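Just below is one structure, and these are the notes that go with it.
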Amino acid sequence: MVAAHAQVRQALNVTQGAALRLLEQLNDRQREAVTLPAEHALVLAGAGSGKTRVLTTRIAWLISTGQASPHGILAVTFTNKAAREMLTRLSAMLPIEPRGMWIGTFHGLANRMLRAHHRDAGLPHTFQILDSQDQLAAIKRLLRTLNVDDEKCPPKSLQHFVNGAKEEGRRAGAVEAYDEHTRRMVELYAAYDEQCQREGVVDFAELLLRSRELLARNAPLREHYRARFRHILVDEFQDTNTLQYEWLKLLAGESSVLFAVGDDDQSIYSFRGARVANMAAFEREFRVAHLIRLEQNYRSHANILDCANALIAHNRNRLGKNLWTDAGEGEPVRVRESLGDAQEAQWLVEEIRSLVAEGWMRSDIAVLYRSNAQSRVLEHALFSSGVPYRVYGGLRFFERAEIKHALAYLRLMENPDDDGAFLRVANFPARGIGARTLESLQDQARRSGTGLFASAASVPGAGGSRLAAFVQLVARLRADTQALSLPEVVAHVIEASGLVAHYRSEREGQERVENLRELVNAAASFVAEEGIATGTPANLGVAGGPRPASSTVAQAFDSRAGSTVVETDASAAPGAVQTTPLAAFLAHASLEAGENQAGEGTDAVQMMTVHSAKGLEFDAVFLTGLEEGLFPHENSIVDPQGLEEERRLMYVAITRARKRLYLSFAQTRMLHGHTRYNLRSRFLDELPPALLKWLGARPRPVPGPGGGPASRWGATSASISDGRGASDARHEPFARSAEASGRATGWRVGQNVAHARFGEGVIVAIEGSGEDARAQVRFEREGTKWLALAIARLEPCG
DNA sequence: TCGGTTCAGAGTATT
DNA sequence: TCTGAACCGA
């Protein structure tokens, strides 16, 4: 402790000047936020307003003015990327090692705490973390064990139920069940938790829930952390769920200062439990004295911002903010209507090509879409034209099957009770342990109340001896790697398990072998980044979890074991224990799934969903598929809250663009095997017409069977097939598209209707024309139905 | 144990 | 329409 303080004070002299210089670079509002007194604060940070900068400068300022030591800081984010970003910027600002700080994701920090206090948390010190995939597998296994019908209880829905309950901070016993089905789910939830406990594994939500329970139950520990973390800083506060907010409250107590940064207008994750209401709750419950708005935007030109402002003003539920910039108005926002999704894609390719020809970098161009399914058509067009692109999302490194297999061996070595890992690799590579053998093993284990590993010896017959051989293999792996460093362990295991040999003999296994070798590298960089001394055996305790602490080594007294242990963290929490590099690496693999695709360095067009674009920015942004039913998505149209979230999503999309923004929609689109006629998104109509520039000719609609569409269009389409008159289209930008169906049927998407039998609802899609025209109607009571318009007697209403 | 066929489902996603 | 998962036969 003494050493740490001296270190800080020494750093101070160097730092103070630097931090003051950093303050000079901030605008008034930012500086006000950074230099707030040590009281709870909420910073409403608009898109591109320098949120991360404020957060990191605040930390640097607290430290350099001596108000806090690195050791007293806890900063929490949602993604590893954000945590890394914060750490990187911080080390650029401060000449001191930021290691004493707790900077990380909610899950990463919870994991760190549970590792250090696993006994108090009721976990084995080798506990493993299940990612979503592992969790689903565990649930399927549970349902099979309990002979629960898959039809009655789909594994995915149980997973959803369990995670939902945990994210609300509820154990099975605390879930209110008023109907039979819910009662059944609650029972299964309890059984799932028992299974996890037996196997020494925790899922993502469990990390936080356990950590919260630990703090709630263990007063000395709670007081220790409260006394330690005088400053708690939270990024993207609007995304916190109930459990995360409770965790923060427990950690902050009366003594700590909470500094929360967020933007209610960018709350787009309610579907995964995020509660914007936490912002208001925070303000109220903590009697927040300082509410600061960051409204100056450093990213986009004014036309783009004004569109964003105008759009979001249509939302009722917001704290209120208006972005501005001094960057100049810039170009108008371009709007493009296409006949169909293929034509939209083709136009996109041509536009991108001409941008590139003008000197724009492909990597500065983003193509955004509402749902992943839309990417295929776009990819196809880009691919056929040879435009390099990169799609975000998809399989990440640690999620690959071969990597999962290797990790399963490592997990089994670390924790033999991990039945999920056992089942994953007992017969991979194939060693003659068939489904029947495994079934009898599972029966055996159930009878004796032990894990699969422990029961493996007692299965009779040939299957039994093969099981015994597998158990021996794992035991040998463990014995042979005793003195090896982590990368060496990984290298040994991928060979000795037979994984490398197996994939090498496969026709298309070369890439998988390379991935396995890459896992060794990943282990090596992990060791390097975590500051684990080279050559440290992988099973030797070194640190309190991922991102272990500074080199200041303090002696801590382990109250339980009564022995003195080395804790590298300068603070010794009561009863804290160390963890091994292997356990830390396995946790790291679960908590950070890694990159999803190679080719990051190449100059490629960036393709992603609007959700994954949050936090990013690009010179040029193409926002595609702006159609009713798609964006806003039909599942959200009926519910006002849902519609507001869609609008926020659109707001996020618009504010990604620095210089140029394209908004694009198509009259028809192939969806679920049907051609759908969609109206353009209502969000387009919520933008100020004066800021928009309509591109190209009004496309001619698809001729329908019911006669000449040309006559319908001739009168209104002055600019048809008149390429020169591109901007003339602005004269009539709001004649709705897709009249092909709209006029022919007399109905439109979004219209409220009533049906004699089904009651009231809203039209979410229209397809076909003439006698074949059908409308998809979402009824308030009866769900969504397709109705033939020639037959069903719909009445307009509302 | 693999490979083909069938069938359901189809929103957004981090840890 | 397309995809992934599950199931069945060789």
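Chain lettering (A, B, ...) mirrors the order of the structure tokens, residue numbering begins at 1 for each chain separately, and ligand numbering begins at 1 in order of display.
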
Counting only C-alpha atoms (C1' of nucleotides), which residues of chain B come no farther than 7 Å from chain A, as a count of residues only? 5

If you take only C-alpha atoms (C1' of nucleotides) and a cut-off of 12 Å, which residues of chain C touch chain A, and what are their nearest atom pairs and distances in Å to one decimal, in chain and number order, as a tab-separated table?
```
residue	atom	partner	partner_atom	distance
C:DT1	C1'	A:Gly673	CA	4.0
C:DC2	C1'	A:His672	CA	8.0
C:DT3	C1'	A:Ala373	CA	10.6
C:DA6	C1'	A:Asp150	CA	11.6
```

Polymer residues at most 12 Å from B:DT5, only C-alpha atoms (C1' of nucleotides), same-chain spacing of 3 or more positions, as a PyMOL selection string: chain C and resi 6-9

Go through stretch 25-243 of chain A and collect every residue that DSSP, computed from the backbone, puts in helix (DSSP H, G or I); the answer should be as a count of residues only. 131

Which residues, written as a count of residues only, have at least one atom at most 9 Å from stretch 792-796 of chain A, with only C-alpha atoms (C1' of nucleotides) counted and residues fewer than 3 positions away on the same chain left out? 10

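With only C-alpha atoms as the atoms that count, the residue of A:Asp134, A:Glu331, A:Asp263, A:Asp419 with the shortest distance to A:Leu441 is A:Asp419.
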